[in-house]
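A.B. asks: Take a look at structure05.cif, mmCIF, C-alpha atoms:
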data_model
loop_
_atom_site.label_atom_id
_atom_site.label_comp_id
_atom_site.auth_asym_id
_atom_site.auth_seq_id
_atom_site.Cartn_x
_atom_site.Cartn_y
_atom_site.Cartn_z
CA MET A 1 86.00 -39.96 -119.10
CA ASP A 2 82.88 -37.83 -118.59
CA TRP A 3 82.90 -34.99 -116.09
CA THR A 4 80.51 -32.50 -114.48
CA ILE A 5 81.65 -29.49 -112.46
CA LEU A 6 79.64 -28.18 -109.51
CA ARG A 7 80.49 -24.63 -108.42
CA PRO A 8 78.66 -23.79 -105.19
CA GLY A 9 79.01 -20.38 -103.60
CA GLY A 10 78.57 -19.70 -99.88
CA PHE A 11 77.20 -22.60 -97.87
CA ALA A 12 74.24 -22.06 -95.51
CA SER A 13 76.07 -24.37 -93.10
CA ASN A 14 78.71 -21.68 -92.56
CA ALA A 15 76.18 -20.37 -90.02
CA PHE A 16 77.30 -23.21 -87.73
CA ALA A 17 80.17 -20.83 -86.87
CA TRP A 18 77.56 -18.88 -84.86
CA ALA A 19 76.25 -21.93 -82.99
CA GLU A 20 78.13 -21.37 -79.73
CA THR A 21 77.40 -17.65 -79.39
CA ILE A 22 73.77 -18.16 -80.35
CA ARG A 23 73.43 -20.95 -77.76
CA THR A 24 75.18 -19.04 -74.99
CA GLU A 25 74.51 -15.35 -75.70
CA ARG A 26 71.78 -15.29 -78.38
CA THR A 27 74.14 -13.23 -80.56
CA ALA A 28 75.63 -13.63 -84.02
CA ALA A 29 78.55 -11.51 -85.21
CA ALA A 30 79.65 -10.94 -88.79
CA PRO A 31 80.96 -8.13 -90.97
CA PHE A 32 78.98 -6.49 -93.77
CA GLY A 33 75.60 -7.13 -92.16
CA ASP A 34 73.55 -5.86 -95.07
CA THR A 35 75.49 -7.33 -97.98
CA GLY A 36 73.64 -10.23 -99.54
CA LEU A 37 74.96 -13.34 -101.26
CA PRO A 38 72.98 -16.32 -102.60
CA TRP A 39 73.94 -18.89 -99.91
CA ILE A 40 73.12 -22.48 -100.83
CA ASP A 41 71.82 -25.29 -98.66
CA PRO A 42 74.38 -28.13 -98.73
CA ALA A 43 71.51 -30.59 -99.19
CA ASP A 44 70.88 -29.01 -102.61
CA ILE A 45 74.54 -29.46 -103.52
CA GLY A 46 74.27 -33.12 -102.59
CA GLU A 47 71.10 -33.61 -104.61
CA VAL A 48 72.62 -31.96 -107.70
CA ALA A 49 75.72 -34.14 -107.31
CA ALA A 50 73.57 -37.26 -107.02
CA ALA A 51 71.60 -36.29 -110.12
CA ALA A 52 74.82 -35.66 -112.07
CA LEU A 53 76.14 -39.08 -111.07
CA ARG A 54 72.94 -41.06 -111.63
CA GLU A 55 71.22 -39.39 -114.57
CA ASP A 56 72.15 -38.89 -118.19
CA GLY A 57 72.60 -35.44 -119.65
CA HIS A 58 75.05 -33.89 -117.19
CA ALA A 59 78.34 -34.83 -118.88
CA GLY A 60 80.41 -31.78 -119.75
CA GLN A 61 78.19 -29.40 -117.74
CA VAL A 62 79.35 -26.73 -115.31
CA TYR A 63 76.66 -25.91 -112.72
CA GLU A 64 76.73 -22.73 -110.65
CA LEU A 65 74.91 -23.64 -107.45
CA THR A 66 73.22 -20.89 -105.45
CA GLY A 67 70.29 -20.45 -103.15
CA PRO A 68 67.04 -18.88 -104.36
CA ALA A 69 67.70 -15.34 -103.09
CA LEU A 70 70.34 -13.03 -101.71
CA SER A 71 70.73 -13.40 -97.95
CA THR A 72 72.53 -10.99 -95.65
CA PRO A 73 74.20 -11.97 -92.36
CA ARG A 74 71.57 -9.92 -90.52
CA GLN A 75 68.77 -11.82 -92.30
CA ARG A 76 70.41 -15.18 -91.57
CA ALA A 77 70.66 -14.34 -87.86
CA GLU A 78 66.99 -13.31 -87.92
CA ALA A 79 66.02 -16.58 -89.64
CA ILE A 80 67.80 -18.59 -86.94
CA GLY A 81 66.01 -16.51 -84.29
CA ASP A 82 62.68 -17.18 -85.99
CA ALA A 83 63.44 -20.92 -85.98
CA LEU A 84 64.35 -20.71 -82.28
CA GLY A 85 61.29 -18.65 -81.46
CA GLU A 86 63.35 -15.89 -79.87
CA PRO A 87 65.39 -13.00 -81.23
CA ILE A 88 69.08 -13.19 -82.00
CA ARG A 89 71.02 -9.95 -81.60
CA PHE A 90 73.15 -9.28 -84.65
CA ILE A 91 76.54 -7.66 -83.99
CA GLU A 92 78.14 -6.11 -87.05
CA GLN A 93 81.91 -6.59 -86.95
CA THR A 94 84.37 -4.26 -88.58
CA ARG A 95 86.53 -5.72 -91.31
CA ASP A 96 89.47 -5.72 -88.87
CA GLN A 97 87.49 -7.59 -86.21
CA ALA A 98 86.36 -10.17 -88.75
CA ARG A 99 89.92 -10.53 -90.07
CA ALA A 100 91.31 -11.17 -86.59
CA GLN A 101 88.67 -13.83 -85.94
CA MET A 102 89.10 -15.52 -89.33
CA LEU A 103 92.90 -15.62 -89.05
CA GLN A 104 92.47 -18.08 -86.17
CA PHE A 105 91.38 -20.78 -88.62
CA MET A 106 92.15 -19.56 -92.17
CA PRO A 107 95.36 -18.55 -93.97
CA LYS A 108 95.79 -14.81 -94.53
CA PRO A 109 95.33 -14.85 -98.35
CA VAL A 110 92.08 -16.79 -97.96
CA VAL A 111 90.87 -14.37 -95.28
CA GLU A 112 91.50 -11.33 -97.46
CA THR A 113 89.81 -12.86 -100.49
CA THR A 114 86.84 -13.98 -98.41
CA LEU A 115 86.44 -10.53 -96.88
CA ASP A 116 86.58 -8.96 -100.35
CA ILE A 117 83.87 -11.30 -101.63
CA ILE A 118 81.52 -10.94 -98.67
CA GLY A 119 82.14 -7.21 -98.32
CA ASN A 120 82.10 -6.11 -101.92
CA PRO A 121 80.75 -8.93 -104.08
CA THR A 122 80.75 -8.62 -107.83
CA PRO A 123 77.49 -8.91 -109.78
CA ALA A 124 78.58 -12.45 -110.76
CA GLU A 125 79.02 -13.40 -107.08
CA GLN A 126 75.52 -12.07 -106.31
CA ARG A 127 73.88 -13.74 -109.31
CA ILE A 128 71.07 -16.17 -108.60
CA SER A 129 71.75 -19.19 -110.80
CA PRO A 130 68.93 -21.23 -112.36
CA ASP A 131 71.04 -24.41 -112.31
CA VAL A 132 69.69 -26.02 -109.12
CA GLU A 133 66.14 -25.61 -110.36
CA GLN A 134 67.02 -26.85 -113.85
CA VAL A 135 68.72 -30.00 -112.51
CA LEU A 136 66.30 -30.80 -109.68
CA GLY A 137 63.03 -29.47 -111.12
CA ARG A 138 62.36 -27.36 -108.02
CA THR A 139 63.57 -24.12 -106.51
CA PRO A 140 66.57 -24.27 -104.20
CA ARG A 141 65.93 -24.50 -100.47
CA THR A 142 65.94 -21.25 -98.49
CA PHE A 143 68.25 -20.34 -95.64
CA ALA A 144 65.22 -20.26 -93.34
CA GLY A 145 64.49 -23.87 -94.24
CA TRP A 146 68.10 -24.82 -93.54
CA ALA A 147 67.87 -23.09 -90.15
CA LEU A 148 64.71 -24.99 -89.22
CA ARG A 149 66.26 -28.35 -90.14
CA ASN A 150 69.41 -27.58 -88.18
CA ILE A 151 67.99 -25.67 -85.21
CA ALA A 152 69.22 -28.22 -82.66
CA ALA A 153 72.74 -26.87 -83.15
CA PHE A 154 71.62 -23.45 -81.94
CA ARG A 155 69.46 -24.42 -78.90
#
Mind turning this structure into structure tokens?
C.D. replies:
Amino acid sequence: MDWTILRPGGFASNAFAWAETIRTERTAAAPFGDTGLPWIDPADIGEVAAAALREDGHAGQVYELTGPALSTPRQRAEAIGDALGEPIRFIEQTRDQARAQMLQFMPKPVVETTLDIIGNPTPAEQRISPDVEQVLGRTPRTFAGWALRNIAAFR
């Protein structure tokens, strides 16, 4: 049986975790405010998956799926503010504050690994992959574009 592996990194849709505080307080809190990762728009993941299922030439491939640029939590909050037409105040959490919040919905080993990745990513975790563009024939969508398409969640 043929197979194709898709390996997406951080999802732009993780920003939905800020929806309530952006709606009610116009704030977004996260640790490591200036550490960038190449967050991917879930729509790009879906399009790559559809291409792998429908088109020839993807059997046996492993695709690393990233967005087109590194994006920091501070930049993502700013992009949501730009889409809203008003500023969002970014609150930089300490690692301990982020851990306490994340432990409410994630197991401890996952929390620690996640904090390590978002706080001190390796060069491989920060690498911008060409795979989305190679499969789809276009650059990956930006976080700002994701924010515009999903702005209703933050109003």
A.B. asks: Tell me, as a PyMOL selection string, which residues lie within 12 Å of Pro123 in chain A, counting only C-alpha atoms; anything in the same chain fewer than 6 positions away does not count.
C.D. replies: chain A and resi 36-38+70+117+129
A.B. asks: So, counting all atoms listed in the file, which residue among A:Leu6, A:Ala124, A:Ala19, A:Ala98 is closest to Ala153 in chain A?
C.D. replies: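 Smallest separation from Ala153 in chain A among the options: A:Ala19.
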A.B. asks: Within 12 Å of range 49-64 of chain A, counting only C-alpha atoms, which residues qualify if same-chain residues fewer than 6 places away don't, as a tab-separated table (two decimals) with C-alpha atoms, in the frame of the given file?
C.D. replies:
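And here's around_0.tsv as it stands now:
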chain	number	residue	atom	x	y	z
A	1	MET	CA	86.00	-39.96	-119.10
A	2	ASP	CA	82.88	-37.83	-118.59
A	3	TRP	CA	82.90	-34.99	-116.09
A	4	THR	CA	80.51	-32.50	-114.48
A	5	ILE	CA	81.65	-29.49	-112.46
A	6	LEU	CA	79.64	-28.18	-109.51
A	7	ARG	CA	80.49	-24.63	-108.42
A	8	PRO	CA	78.66	-23.79	-105.19
A	9	GLY	CA	79.01	-20.38	-103.60
A	10	GLY	CA	78.57	-19.70	-99.88
A	38	PRO	CA	72.98	-16.32	-102.60
A	39	TRP	CA	73.94	-18.89	-99.91
A	40	ILE	CA	73.12	-22.48	-100.83
A	42	PRO	CA	74.38	-28.13	-98.73
A	43	ALA	CA	71.51	-30.59	-99.19
A	124	ALA	CA	78.58	-12.45	-110.76
A	125	GLU	CA	79.02	-13.40	-107.08
A	126	GLN	CA	75.52	-12.07	-106.31
A	127	ARG	CA	73.88	-13.74	-109.31
A	128	ILE	CA	71.07	-16.17	-108.60
A	129	SER	CA	71.75	-19.19	-110.80
A	130	PRO	CA	68.93	-21.23	-112.36
A	131	ASP	CA	71.04	-24.41	-112.31
A	132	VAL	CA	69.69	-26.02	-109.12
A	133	GLU	CA	66.14	-25.61	-110.36
A	134	GLN	CA	67.02	-26.85	-113.85
A	135	VAL	CA	68.72	-30.00	-112.51
A	136	LEU	CA	66.30	-30.80	-109.68
A	137	GLY	CA	63.03	-29.47	-111.12
A.B. asks: Which of these residues is nearest to Phe90 in chain A, using only C-alpha atoms: A:Ile45, A:Val111, A:Ala29, A:Ala17?
C.D. replies: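 That would be A:Ala29, the residue with the smallest distance to Phe90 in chain A.
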A.B. asks: So, counting all atoms listed in the file, which residue among A:Phe16, A:Val110, A:Arg26, A:Thr66 is closest to Thr139 in chain A?
C.D. replies: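 Comparing A:Phe16, A:Val110, A:Arg26, A:Thr66 against Thr139 in chain A, the winner is A:Thr66.
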A.B. asks: Report as a ChimeraX atom specification the full result of the PyMOL selection byres ((chain A and resi 71-86) around 10) when it is applied to this structure.
C.D. replies: /A:12,15,18-19,22,26-40,67-70,87-92,118,126,142-152,154-155
A.B. asks: Go ahead and compute the interatomic distance for CA of Asp116 in chain A and CA of Arg141 in chain A, in Å to one decimal.
C.D. replies: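 Interatomic distance, CA of Asp116 in chain A to CA of Arg141 in chain A: 25.8 Å.
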A.B. asks: Taking all listed atoms of range 113-121 of chain A, build the axis-aligned box, pad each of the six sides by 6 Å, then write its centre and edge lengths in Å to one decimal as AutoDock Vina command-line options.
C.D. replies:
--center_x 85.3 --center_y -10.0 --center_z -100.5 --size_x 21.1 --size_y 19.9 --size_z 19.2
A.B. asks: Residues within 10 Å of Asp96 in chain A, please, as JSON, numbers by chain. Count all atoms listed in the file; anything in the same chain fewer than 4 positions from it doesn't count.
C.D. replies: {"A": [31, 100, 101, 102, 115]}
A.B. asks: Could you check the closest approach to Val48 in chain A for each of A:Gln104, A:Ser13, A:Asn120, A:Pro140 and tell me which residue wins, using all atoms listed in the file?
C.D. replies: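 The closest residue to Val48 in chain A is A:Pro140.
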